[in-house]
$ cat entry21.cif   # mmCIF, C-alpha atoms
data_data
#
loop_
_atom_site.group_PDB
_atom_site.id
_atom_site.type_symbol
_atom_site.label_atom_id
_atom_site.label_comp_id
_atom_site.auth_asym_id
_atom_site.auth_seq_id
_atom_site.Cartn_x
_atom_site.Cartn_y
_atom_site.Cartn_z
ATOM 1 C CA MET B 1 0.000 0.000 0.000
ATOM 2 C CA GLY B 2 2.845 2.406 0.866
ATOM 3 C CA GLY B 3 4.476 1.871 -2.532
ATOM 4 C CA PHE B 4 1.155 2.603 -4.185
ATOM 5 C CA LEU B 5 0.552 5.912 -2.342
ATOM 6 C CA LEU B 6 4.006 7.484 -2.237
ATOM 7 C CA PRO B 7 4.343 8.211 -5.963
ATOM 8 C CA ARG B 8 1.045 10.099 -5.804
ATOM 9 C CA ILE B 9 2.173 12.539 -3.105
ATOM 10 C CA PRO B 10 4.211 14.745 -5.511
ATOM 11 C CA MET B 11 1.255 14.725 -7.903
ATOM 12 C CA ILE B 12 -1.085 15.921 -5.129
ATOM 13 C CA GLN B 13 1.399 18.629 -4.189
ATOM 14 C CA ARG B 14 1.576 19.818 -7.799
ATOM 15 C CA LEU B 15 -2.223 19.889 -8.045
ATOM 16 C CA LEU B 16 -2.466 21.845 -4.802
ATOM 17 C CA SER B 17 0.193 24.264 -6.032
ATOM 18 C CA SER B 18 -1.652 24.781 -9.332
ATOM 19 C CA PHE B 19 -4.922 25.323 -7.455
ATOM 20 C CA LYS B 20 -3.220 28.030 -5.383
ATOM 21 C CA GLY B 21 -1.979 29.604 -8.617
ATOM 22 C CA VAL B 22 -5.497 29.735 -10.064
ATOM 23 C CA VAL B 23 -6.955 31.223 -6.863
ATOM 24 C CA ALA B 24 -4.156 33.810 -6.626
ATOM 25 C CA SER B 25 -4.647 34.718 -10.308
ATOM 26 C CA VAL B 26 -8.341 35.378 -9.685
ATOM 27 C CA LEU B 27 -7.490 37.484 -6.619
ATOM 28 C CA ILE B 28 -4.900 39.636 -8.391
ATOM 29 C CA VAL B 29 -7.058 40.163 -11.508
ATOM 30 C CA THR B 30 -10.017 41.121 -9.325
ATOM 31 C CA ASN B 31 -7.797 43.470 -7.318
ATOM 32 C CA VAL B 32 -6.543 45.171 -10.499
ATOM 33 C CA PHE B 33 -10.057 45.485 -11.937
ATOM 34 C CA VAL B 34 -11.599 46.955 -8.766
ATOM 35 C CA ALA B 35 -8.699 49.379 -8.219
ATOM 36 C CA SER B 36 -8.830 50.555 -11.850
ATOM 37 C CA ILE B 37 -12.596 51.171 -11.654
ATOM 38 C CA ALA B 38 -12.096 53.133 -8.418
ATOM 39 C CA MET B 39 -9.434 55.243 -10.149
ATOM 40 C CA LEU B 40 -11.615 56.090 -13.154
ATOM 41 C CA PRO B 41 -13.416 59.222 -11.842
ATOM 42 C CA PHE B 42 -10.186 60.659 -10.423
ATOM 43 C CA ALA B 43 -8.320 59.939 -13.664
ATOM 44 C CA LEU B 44 -11.023 61.738 -15.677
ATOM 45 C CA ALA B 45 -10.803 64.712 -13.325
ATOM 46 C CA LYS B 46 -7.040 64.705 -13.806
ATOM 47 C CA LEU B 47 -7.480 64.730 -17.584
ATOM 48 C CA LEU B 48 -10.169 67.441 -17.708
ATOM 49 C CA LEU B 49 -9.046 69.678 -14.813
ATOM 50 C CA PRO B 50 -5.243 69.977 -14.948
ATOM 51 C CA GLN B 51 -4.936 72.824 -12.417
ATOM 52 C CA ALA B 52 -2.175 72.168 -9.864
ATOM 53 C CA ALA B 53 -4.400 72.386 -6.769
ATOM 54 C CA ILE B 54 -6.903 69.915 -8.226
ATOM 55 C CA ARG B 55 -4.143 67.611 -9.426
ATOM 56 C CA ARG B 56 -2.662 67.535 -5.931
ATOM 57 C CA TYR B 57 -5.984 66.372 -4.459
ATOM 58 C CA VAL B 58 -6.579 63.884 -7.269
ATOM 59 C CA ASP B 59 -3.050 62.474 -7.021
ATOM 60 C CA HIS B 60 -3.470 61.890 -3.277
ATOM 61 C CA ALA B 61 -6.689 59.979 -3.977
ATOM 62 C CA LEU B 62 -5.110 57.919 -6.765
ATOM 63 C CA ASN B 63 -2.079 57.087 -4.625
ATOM 64 C CA GLY B 64 -4.379 56.040 -1.768
ATOM 65 C CA ILE B 65 -6.206 53.613 -4.061
ATOM 66 C CA ALA B 66 -2.878 52.265 -5.351
ATOM 67 C CA GLU B 67 -1.589 51.744 -1.803
ATOM 68 C CA THR B 68 -4.735 49.787 -0.960
ATOM 69 C CA TRP B 69 -4.081 47.666 -4.066
ATOM 70 C CA VAL B 70 -0.512 47.018 -2.842
ATOM 71 C CA MET B 71 -1.778 46.137 0.656
ATOM 72 C CA LEU B 72 -4.236 43.584 -0.775
ATOM 73 C CA ASN B 73 -1.475 42.090 -2.926
ATOM 74 C CA GLY B 74 0.589 41.665 0.227
ATOM 75 C CA TRP B 75 -2.375 39.914 1.836
ATOM 76 C CA TRP B 76 -2.757 37.268 -0.876
ATOM 77 C CA ILE B 77 1.017 36.753 -1.056
ATOM 78 C CA ALA B 78 0.999 35.971 2.686
ATOM 79 C CA LEU B 79 -2.098 33.795 2.238
ATOM 80 C CA MET B 80 -0.515 31.630 -0.447
ATOM 81 C CA GLN B 81 2.907 31.041 1.093
ATOM 82 C CA ASN B 82 5.023 31.355 4.203
ATOM 83 C CA VAL B 83 7.866 33.650 3.144
ATOM 84 C CA ASP B 84 10.996 34.122 5.225
ATOM 85 C CA TRP B 85 11.590 37.873 4.779
ATOM 86 C CA ARG B 86 15.116 38.977 5.680
ATOM 87 C CA ILE B 87 15.205 42.741 5.269
ATOM 88 C CA ASP B 88 17.935 45.137 6.338
ATOM 89 C CA GLY B 89 17.846 48.941 6.056
ATOM 90 C CA LEU B 90 14.231 49.978 6.618
ATOM 91 C CA GLU B 91 15.203 52.227 9.520
ATOM 92 C CA ALA B 92 14.968 56.037 9.300
ATOM 93 C CA LEU B 93 12.838 56.138 6.156
ATOM 94 C CA ASN B 94 10.435 59.040 5.677
ATOM 95 C CA SER B 95 6.908 58.239 4.479
ATOM 96 C CA ARG B 96 6.465 61.909 3.468
ATOM 97 C CA GLY B 97 9.791 62.381 1.697
ATOM 98 C CA TRP B 98 11.127 62.105 -1.829
ATOM 99 C CA TYR B 99 13.419 59.210 -2.780
ATOM 100 C CA LEU B 100 15.222 57.942 -5.842
ATOM 101 C CA VAL B 101 15.216 54.130 -5.689
ATOM 102 C CA SER B 102 17.482 51.811 -7.667
ATOM 103 C CA SER B 103 17.364 48.008 -7.588
ATOM 104 C CA ASN B 104 18.672 44.986 -9.417
ATOM 105 C CA HIS B 105 16.001 43.228 -11.484
ATOM 106 C CA GLN B 106 15.592 39.467 -11.950
ATOM 107 C CA SER B 107 11.859 38.712 -12.117
ATOM 108 C CA TRP B 108 8.408 40.310 -12.298
ATOM 109 C CA VAL B 109 8.200 39.190 -8.667
ATOM 110 C CA ASP B 110 10.642 42.003 -7.809
ATOM 111 C CA ILE B 111 7.910 44.599 -8.368
ATOM 112 C CA LEU B 112 5.455 43.087 -5.887
ATOM 113 C CA VAL B 113 8.274 42.442 -3.414
ATOM 114 C CA LEU B 114 9.424 46.073 -3.521
ATOM 115 C CA GLN B 115 5.879 47.407 -3.234
ATOM 116 C CA LYS B 116 5.175 45.201 -0.214
ATOM 117 C CA VAL B 117 8.443 46.046 1.555
ATOM 118 C CA PHE B 118 8.169 49.823 1.094
ATOM 119 C CA LEU B 119 4.402 50.170 1.613
ATOM 120 C CA ARG B 120 3.744 53.233 3.808
ATOM 121 C CA ARG B 121 7.447 53.427 4.731
ATOM 122 C CA ILE B 122 8.194 55.697 1.777
ATOM 123 C CA PRO B 123 5.793 57.313 -0.732
ATOM 124 C CA MET B 124 4.188 55.268 -3.503
ATOM 125 C CA LEU B 125 6.785 53.813 -5.888
ATOM 126 C CA LYS B 126 6.635 55.198 -9.436
ATOM 127 C CA PHE B 127 8.358 52.879 -11.921
ATOM 128 C CA PHE B 128 9.999 53.739 -15.238
ATOM 129 C CA LEU B 129 8.145 51.533 -17.723
ATOM 130 C CA LYS B 130 8.638 50.575 -21.341
ATOM 131 C CA ARG B 131 6.414 52.666 -23.604
ATOM 132 C CA GLU B 132 4.635 49.559 -24.935
ATOM 133 C CA LEU B 133 3.207 48.789 -21.468
ATOM 134 C CA ILE B 134 0.841 51.752 -21.638
ATOM 135 C CA TYR B 135 -1.300 49.633 -23.984
ATOM 136 C CA VAL B 136 -1.737 46.771 -21.490
ATOM 137 C CA PRO B 137 -5.518 46.529 -20.891
ATOM 138 C CA VAL B 138 -6.759 48.080 -17.637
ATOM 139 C CA ILE B 139 -3.418 48.236 -15.809
ATOM 140 C CA GLY B 140 -1.832 50.426 -18.509
ATOM 141 C CA PHE B 141 -4.570 52.975 -17.822
ATOM 142 C CA ALA B 142 -3.853 52.788 -14.091
ATOM 143 C CA TRP B 143 -0.127 53.370 -14.691
ATOM 144 C CA TRP B 144 -0.947 56.441 -16.799
ATOM 145 C CA ALA B 145 -3.270 57.851 -14.109
ATOM 146 C CA LEU B 146 -0.525 57.380 -11.507
ATOM 147 C CA ASP B 147 2.008 59.291 -13.681
ATOM 148 C CA PHE B 148 4.356 56.356 -14.197
ATOM 149 C CA PRO B 149 7.041 57.531 -16.681
ATOM 150 C CA PHE B 150 6.855 55.574 -19.951
ATOM 151 C CA MET B 151 10.193 55.334 -21.760
ATOM 152 C CA ARG B 152 10.778 54.376 -25.372
ATOM 153 C CA ARG B 153 14.050 52.620 -26.102
ATOM 154 C CA GLY B 154 15.612 54.332 -29.059
ATOM 155 C CA THR B 155 17.764 57.103 -30.398
ATOM 156 C CA GLY B 156 17.327 60.047 -32.705
ATOM 157 C CA ARG B 157 14.135 62.084 -32.747
ATOM 158 C CA SER B 158 12.002 59.431 -31.013
ATOM 159 C CA GLY B 159 14.563 59.149 -28.235
ATOM 160 C CA LYS B 160 14.537 62.939 -27.674
ATOM 161 C CA LEU B 161 10.751 62.980 -27.510
ATOM 162 C CA ASP B 162 10.889 60.150 -24.987
ATOM 163 C CA LEU B 163 13.317 62.023 -22.735
ATOM 164 C CA ALA B 164 11.071 65.098 -22.877
ATOM 165 C CA THR B 165 8.111 62.963 -21.770
ATOM 166 C CA THR B 166 10.146 61.493 -18.928
ATOM 167 C CA ARG B 167 11.244 64.944 -17.793
ATOM 168 C CA LYS B 168 7.619 66.139 -17.821
ATOM 169 C CA ALA B 169 6.581 63.187 -15.636
ATOM 170 C CA CYS B 170 9.362 63.939 -13.153
ATOM 171 C CA GLU B 171 8.267 67.582 -12.984
ATOM 172 C CA ARG B 172 4.815 66.408 -11.867
ATOM 173 C CA PHE B 173 6.393 64.375 -9.060
ATOM 174 C CA LYS B 174 7.311 67.651 -7.344
ATOM 175 C CA LEU B 175 3.671 68.216 -6.354
ATOM 176 C CA ILE B 176 3.424 65.466 -3.726
ATOM 177 C CA PRO B 177 5.978 63.176 -1.974
ATOM 178 C CA THR B 178 7.092 60.518 -4.449
ATOM 179 C CA SER B 179 9.539 57.648 -4.739
ATOM 180 C CA VAL B 180 10.930 57.312 -8.272
ATOM 181 C CA ILE B 181 12.285 53.825 -8.935
ATOM 182 C CA ASN B 182 14.430 52.872 -11.884
ATOM 183 C CA PHE B 183 15.671 49.386 -12.804
ATOM 184 C CA VAL B 184 18.828 50.702 -14.416
ATOM 185 C CA GLU B 185 19.592 47.365 -16.081
ATOM 186 C CA GLY B 186 16.602 48.116 -18.310
ATOM 187 C CA THR B 187 15.395 44.514 -18.329
ATOM 188 C CA ARG B 188 15.363 41.390 -16.180
ATOM 189 C CA PHE B 189 18.706 39.677 -15.637
ATOM 190 C CA SER B 190 19.472 36.371 -17.318
ATOM 191 C CA GLU B 191 22.706 34.567 -18.085
ATOM 192 C CA GLU B 192 21.891 34.758 -21.796
ATOM 193 C CA LYS B 193 21.503 38.550 -21.667
ATOM 194 C CA LYS B 194 24.667 38.874 -19.597
ATOM 195 C CA LEU B 195 26.692 36.960 -22.173
ATOM 196 C CA LYS B 196 25.118 38.822 -25.090
ATOM 197 C CA GLN B 197 26.055 42.256 -23.748
ATOM 198 C CA ARG B 198 29.372 41.010 -22.265
ATOM 199 C CA SER B 199 28.517 42.372 -18.844
ATOM 200 C CA PRO B 200 31.561 42.636 -16.562
ATOM 201 C CA PHE B 201 29.388 41.741 -13.558
ATOM 202 C CA GLU B 202 28.624 38.296 -12.194
ATOM 203 C CA HIS B 203 25.005 38.907 -11.171
ATOM 204 C CA LEU B 204 24.053 42.107 -13.014
ATOM 205 C CA LEU B 205 23.587 43.531 -16.482
ATOM 206 C CA LYS B 206 25.255 46.768 -17.542
ATOM 207 C CA PRO B 207 23.509 49.849 -16.100
ATOM 208 C CA LYS B 208 21.666 52.262 -18.412
ATOM 209 C CA ILE B 209 21.503 55.695 -16.849
ATOM 210 C CA GLY B 210 19.074 57.613 -19.093
ATOM 211 C CA GLY B 211 15.972 57.567 -16.890
ATOM 212 C CA LEU B 212 17.950 57.920 -13.664
ATOM 213 C CA SER B 213 19.865 60.921 -15.072
ATOM 214 C CA ILE B 214 16.643 62.659 -16.091
ATOM 215 C CA ALA B 215 15.217 62.143 -12.590
ATOM 216 C CA LEU B 216 18.396 63.554 -11.022
ATOM 217 C CA ALA B 217 18.523 66.560 -13.352
ATOM 218 C CA THR B 218 14.814 67.336 -12.957
ATOM 219 C CA MET B 219 14.241 66.921 -9.210
ATOM 220 C CA GLY B 220 17.577 65.965 -7.689
ATOM 221 C CA GLU B 221 17.414 68.717 -5.047
ATOM 222 C CA GLN B 222 14.193 67.210 -3.675
ATOM 223 C CA PHE B 223 15.505 63.682 -3.236
ATOM 224 C CA GLU B 224 16.482 62.916 0.346
ATOM 225 C CA ALA B 225 18.703 60.046 -0.777
ATOM 226 C CA LEU B 226 19.200 57.247 -3.240
ATOM 227 C CA LEU B 227 17.823 53.991 -1.846
ATOM 228 C CA ASP B 228 20.188 51.351 -3.213
ATOM 229 C CA VAL B 229 18.203 48.091 -3.051
ATOM 230 C CA THR B 230 19.626 44.610 -3.570
ATOM 231 C CA ILE B 231 17.170 41.695 -3.923
ATOM 232 C CA VAL B 232 18.331 38.099 -3.579
ATOM 233 C CA TYR B 233 16.326 34.870 -3.795
ATOM 234 C CA PRO B 234 18.571 32.267 -2.083
ATOM 235 C CA GLN B 235 16.449 29.327 -3.283
ATOM 236 C CA GLY B 236 16.475 30.467 -6.910
ATOM 237 C CA VAL B 237 14.851 33.318 -8.827
ATOM 238 C CA PRO B 238 11.074 32.731 -8.862
ATOM 239 C CA THR B 239 8.804 33.269 -11.832
ATOM 240 C CA PHE B 240 5.529 35.109 -11.384
ATOM 241 C CA TRP B 241 3.726 31.759 -11.609
ATOM 242 C CA ASP B 242 5.921 30.458 -8.766
ATOM 243 C CA LEU B 243 4.694 33.370 -6.652
ATOM 244 C CA LEU B 244 1.062 32.694 -7.524
ATOM 245 C CA CYS B 245 1.484 28.999 -6.699
ATOM 246 C CA GLY B 246 3.005 29.646 -3.286
ATOM 247 C CA ARG B 247 6.547 28.619 -4.177
ATOM 248 C CA LEU B 248 8.298 31.743 -2.888
ATOM 249 C CA HIS B 249 9.914 30.793 0.426
ATOM 250 C CA GLU B 250 12.828 33.149 1.074
ATOM 251 C CA VAL B 251 13.627 36.743 0.129
ATOM 252 C CA VAL B 252 16.691 38.717 1.203
ATOM 253 C CA ILE B 253 16.583 42.488 0.743
ATOM 254 C CA ASP B 254 19.435 44.865 1.526
ATOM 255 C CA ILE B 255 18.595 48.605 1.503
ATOM 256 C CA ARG B 256 21.258 51.275 1.733
ATOM 257 C CA GLN B 257 20.665 55.021 1.795
ATOM 258 C CA ARG B 258 23.249 56.813 -0.294
ATOM 259 C CA GLU B 259 23.821 60.532 -0.408
ATOM 260 C CA ILE B 260 23.485 61.835 -3.962
ATOM 261 C CA PRO B 261 26.633 63.778 -4.994
ATOM 262 C CA ARG B 262 25.972 67.487 -5.396
ATOM 263 C CA ASP B 263 27.487 67.592 -8.875
ATOM 264 C CA LEU B 264 24.825 65.145 -10.110
ATOM 265 C CA LEU B 265 21.826 67.216 -8.992
ATOM 266 C CA ASP B 266 21.850 69.652 -11.899
ATOM 267 C CA GLY B 267 23.002 68.582 -15.335
ATOM 268 C CA ASP B 268 22.041 68.125 -18.963
ATOM 269 C CA TYR B 269 21.970 64.422 -19.773
ATOM 270 C CA GLU B 270 21.227 64.970 -23.459
ATOM 271 C CA ARG B 271 23.963 67.482 -24.304
ATOM 272 C CA ASP B 272 26.583 67.314 -21.552
ATOM 273 C CA ALA B 273 28.911 64.335 -22.063
ATOM 274 C CA GLU B 274 30.869 65.205 -18.912
ATOM 275 C CA TYR B 275 27.699 65.072 -16.827
ATOM 276 C CA ARG B 276 26.754 61.708 -18.339
ATOM 277 C CA GLY B 277 30.221 60.450 -17.477
ATOM 278 C CA ARG B 278 29.898 61.511 -13.830
ATOM 279 C CA VAL B 279 26.548 59.764 -13.462
ATOM 280 C CA GLN B 280 27.901 56.667 -15.215
ATOM 281 C CA ALA B 281 30.935 56.499 -12.923
ATOM 282 C CA TRP B 282 28.766 56.891 -9.806
ATOM 283 C CA VAL B 283 26.343 54.166 -10.873
ATOM 284 C CA GLN B 284 29.226 51.945 -11.994
ATOM 285 C CA ASN B 285 30.772 51.999 -8.507
ATOM 286 C CA ILE B 286 27.386 51.250 -6.929
ATOM 287 C CA TRP B 287 26.993 48.327 -9.335
ATOM 288 C CA LEU B 288 30.421 46.930 -8.480
ATOM 289 C CA GLU B 289 29.552 47.021 -4.773
ATOM 290 C CA LYS B 290 26.129 45.500 -5.432
ATOM 291 C CA ASP B 291 27.630 42.623 -7.419
ATOM 292 C CA ALA B 292 29.935 41.795 -4.492
ATOM 293 C CA ARG B 293 27.070 42.209 -2.005
ATOM 294 C CA ILE B 294 24.955 39.653 -3.865
ATOM 295 C CA ASN B 295 27.732 37.099 -3.461
ATOM 296 C CA THR B 296 27.889 37.906 0.258
ATOM 297 C CA LEU B 297 24.114 37.586 0.690
ATOM 298 C CA LEU B 298 24.232 34.237 -1.127
ATOM 299 C CA GLY B 299 27.076 33.083 1.098
ATOM 300 C CA ARG B 300 29.548 32.877 -1.788
ATOM 301 C CA PRO B 301 33.147 34.144 -1.860
ATOM 302 C CA ASN B 302 33.921 37.211 -3.919
ATOM 303 C CA PRO B 303 36.596 36.973 -6.618
ATOM 304 C CA PRO B 304 39.852 38.769 -5.775
ATOM 305 C CA ALA B 305 40.191 42.338 -7.026
ATOM 306 C CA ASP B 306 42.460 42.956 -10.004
ATOM 307 C CA ALA B 307 46.053 43.435 -8.948
ATOM 308 C CA ASP B 308 46.205 46.879 -10.582
ATOM 309 C CA GLY B 309 42.803 47.949 -9.237
ATOM 310 C CA SER B 310 41.387 48.100 -12.735
ATOM 311 C CA ALA B 311 38.171 46.357 -11.608
ATOM 312 C CA LEU B 312 36.925 49.753 -10.465
ATOM 313 C CA ASN B 313 37.382 51.094 -13.963
ATOM 314 C CA ARG B 314 35.580 48.375 -15.918
ATOM 315 C CA SER B 315 33.213 49.947 -18.357
ATOM 316 C CA ALA B 316 29.513 49.387 -17.750
ATOM 317 C CA GLY B 317 28.847 50.466 -21.316
ATOM 318 C CA GLY B 318 25.790 52.295 -22.654
ATOM 319 C CA THR B 319 24.020 55.328 -21.207
ATOM 320 C CA ARG B 320 20.364 54.596 -21.983
#

$ encode --input "entry21.cif" --output "structure tokens"
Amino acid sequence: MGGFLLPRIPMIQRLLSSFKGVVASVLIVTNVFVASIAMLPFALAKLLLPQAAIRRYVDHALNGIAETWVMLNGWWIALMQNVDWRIDGLEALNSRGWYLVSSNHQSWVDILVLQKVFLRRIPMLKFFLKRELIYVPVIGFAWWALDFPFMRRGTGRSGKLDLATTRKACERFKLIPTSVINFVEGTRFSEEKKLKQRSPFEHLLKPKIGGLSIALATMGEQFEALLDVTIVYPQGVPTFWDLLCGRLHEVVIDIRQREIPRDLLDGDYERDAEYRGRVQAWVQNIWLEKDARINTLLGRPNPPADADGSALNRSAGGTR
């Protein structure tokens, strides 16, 4: 009898996991739909009545709805799995301040993790998104209403128009406390992408500083600090389906507040090559430290530094 039942246990576990995934999918879709409907009247007011005083009221309402959405996401994440959260660096954060947030990026799970961790500890996170995501049904509309900056990857005239749009979005962030987050790698990490772009880092892709530079140049004086976030999944990087199915068991998050250098607070990313170089060098050093920190958080040894110190001068390549 034992030999007959044992092989079926993994099958039952897979069925249970898939059932959790279906239930979680229904919960998150319902949450998105209800939140988007609640945002509709405020979004219309924002479109038709652009005066600053009205926008400030409307933005507070929209952010409140979005924070409720994040809170409910945190609820179903906790319902579906028992996650061991190991978080360092949440002390001394200001829920009414302005922050520039930078994080490594490995999975769509990162977004929900960051939203859950920072909920009501800092203002609502505003992500830099690819332009194509504005056309995602329902949630694309919500991102627009919340003033998420949409960036088009490209050069030439389209690239200039994109930077102007990003700058305009950052100008609006001055109205109410905001946290601007930028995944400077531009896409999720994978070994294939790392090899393709010949990244000098072990766990990271080359940083692209376009969006971050625009945020610094537009509202750098308002930022209290850069929040340098490192996310590690010790049991392997989960897919979004893994999260829905309750297979996320351990998350390590390291948060470090970094003072933003004064010479990066006012510059012209588009026309000033020297300014771009300063931002690139600053981000490059942060990325080198982050790469080593990921090894430490994973319990792995770091490779020895180059004998001539040239590791600090490795090019991260690319500025957008």

$ atom_distance --input "entry21.cif" --atom1 "atom CA of B:Arg256" --atom2 "atom CA of B:His105"
16.3 Å

$ closest_residue --input "entry21.cif" --among "B:Pro149, B:Gly74, B:Gly186, B:Gly140" --to "B:Arg172" --atoms "all atoms listed in the file"
B:Pro149

$ resolve_selection --input "entry21.cif" --expression "the PyMOL selection byres ((chain B and resi 204-215) around 7)" --output "compact mmCIF listing (two decimals) with C-alpha atoms, in the frame of the given file"
# COMPACT_ATOMS: atom_id res chain seq x y z
CA ARG B 167 11.24 64.94 -17.79
CA CYS B 170 9.36 63.94 -13.15
CA ASN B 182 14.43 52.87 -11.88
CA VAL B 184 18.83 50.70 -14.42
CA GLU B 185 19.59 47.36 -16.08
CA GLY B 186 16.60 48.12 -18.31
CA PHE B 189 18.71 39.68 -15.64
CA LYS B 194 24.67 38.87 -19.60
CA SER B 199 28.52 42.37 -18.84
CA PHE B 201 29.39 41.74 -13.56
CA GLU B 202 28.62 38.30 -12.19
CA HIS B 203 25.00 38.91 -11.17
CA LEU B 216 18.40 63.55 -11.02
CA ALA B 217 18.52 66.56 -13.35
CA THR B 218 14.81 67.34 -12.96
CA MET B 219 14.24 66.92 -9.21
CA GLY B 220 17.58 65.96 -7.69
CA TYR B 269 21.97 64.42 -19.77
CA VAL B 279 26.55 59.76 -13.46
CA GLN B 280 27.90 56.67 -15.22
CA ASP B 291 27.63 42.62 -7.42
CA ALA B 316 29.51 49.39 -17.75
CA GLY B 317 28.85 50.47 -21.32
CA GLY B 318 25.79 52.30 -22.65
CA THR B 319 24.02 55.33 -21.21
CA ARG B 320 20.36 54.60 -21.98

$ resolve_selection --input "entry21.cif" --expression "the PyMOL selection byres ((chain B and resi 77-84) around 6)" --output "PyMOL selection string"
chain B and resi 74-76+85+246+249-250

$ closest_residue --input "entry21.cif" --among "B:Thr230, B:Glu132, B:Ile181, B:Glu274" --to "B:Ala292" --atoms "all atoms listed in the file"
B:Thr230

$ atom_distance --input "entry21.cif" --atom1 "atom CA of B:Phe148" --atom2 "atom CA of B:Leu129"
7.1 Å

$ residues_near_point --input "entry21.cif" --point "(30.3, 59.9, -10.6)" --cutoff "12 Å" --atoms "only C-alpha atoms" --output "ChimeraX atom specification"
/B:209,213,260-265,274-286,313

$ closest_residue --input "entry21.cif" --among "B:Lys20, B:Arg14, B:Lys193, B:Arg120" --to "B:Asn63" --atoms "only C-alpha atoms"
B:Arg120

$ resolve_selection --input "entry21.cif" --expression "the PyMOL selection byres ((chain B and resi 93) around 10)" --output "list in words"
Gly89, Leu90, Glu91, Ala92, Asn94, Ser95, Arg96, Gly97, Tyr99, Phe118, Arg120, Arg121, Ile122, Pro123, Glu224, Ala225, Leu227 and Gln257 of chain B

$ atom_distance --input "entry21.cif" --atom1 "atom CA of B:Ile134" --atom2 "atom CA of B:Trp98"
24.6 Å

$ closest_residue --input "entry21.cif" --among "B:Leu27, B:Thr187, B:Phe150, B:Met71" --to "B:Tyr135" --atoms "only C-alpha atoms"
B:Phe150

$ closest_residue --input "entry21.cif" --among "B:Val138, B:Leu226, B:Val101, B:Leu49" --to "B:Thr30" --atoms "only C-alpha atoms"
B:Val138

$ residues_around --input "entry21.cif" --residues "B:Ala43" --least-positions-apart "3" --cutoff "10 Å" --atoms "all atoms listed in the file" --output "PyMOL selection string"
chain B and resi 36-40+46-49+55+58-59+61-62+141-142+144-146

$ closest_residue --input "entry21.cif" --among "B:Arg271, B:Lys126, B:Arg86, B:Arg247" --to "B:Phe173" --atoms "all atoms listed in the file"
B:Lys126
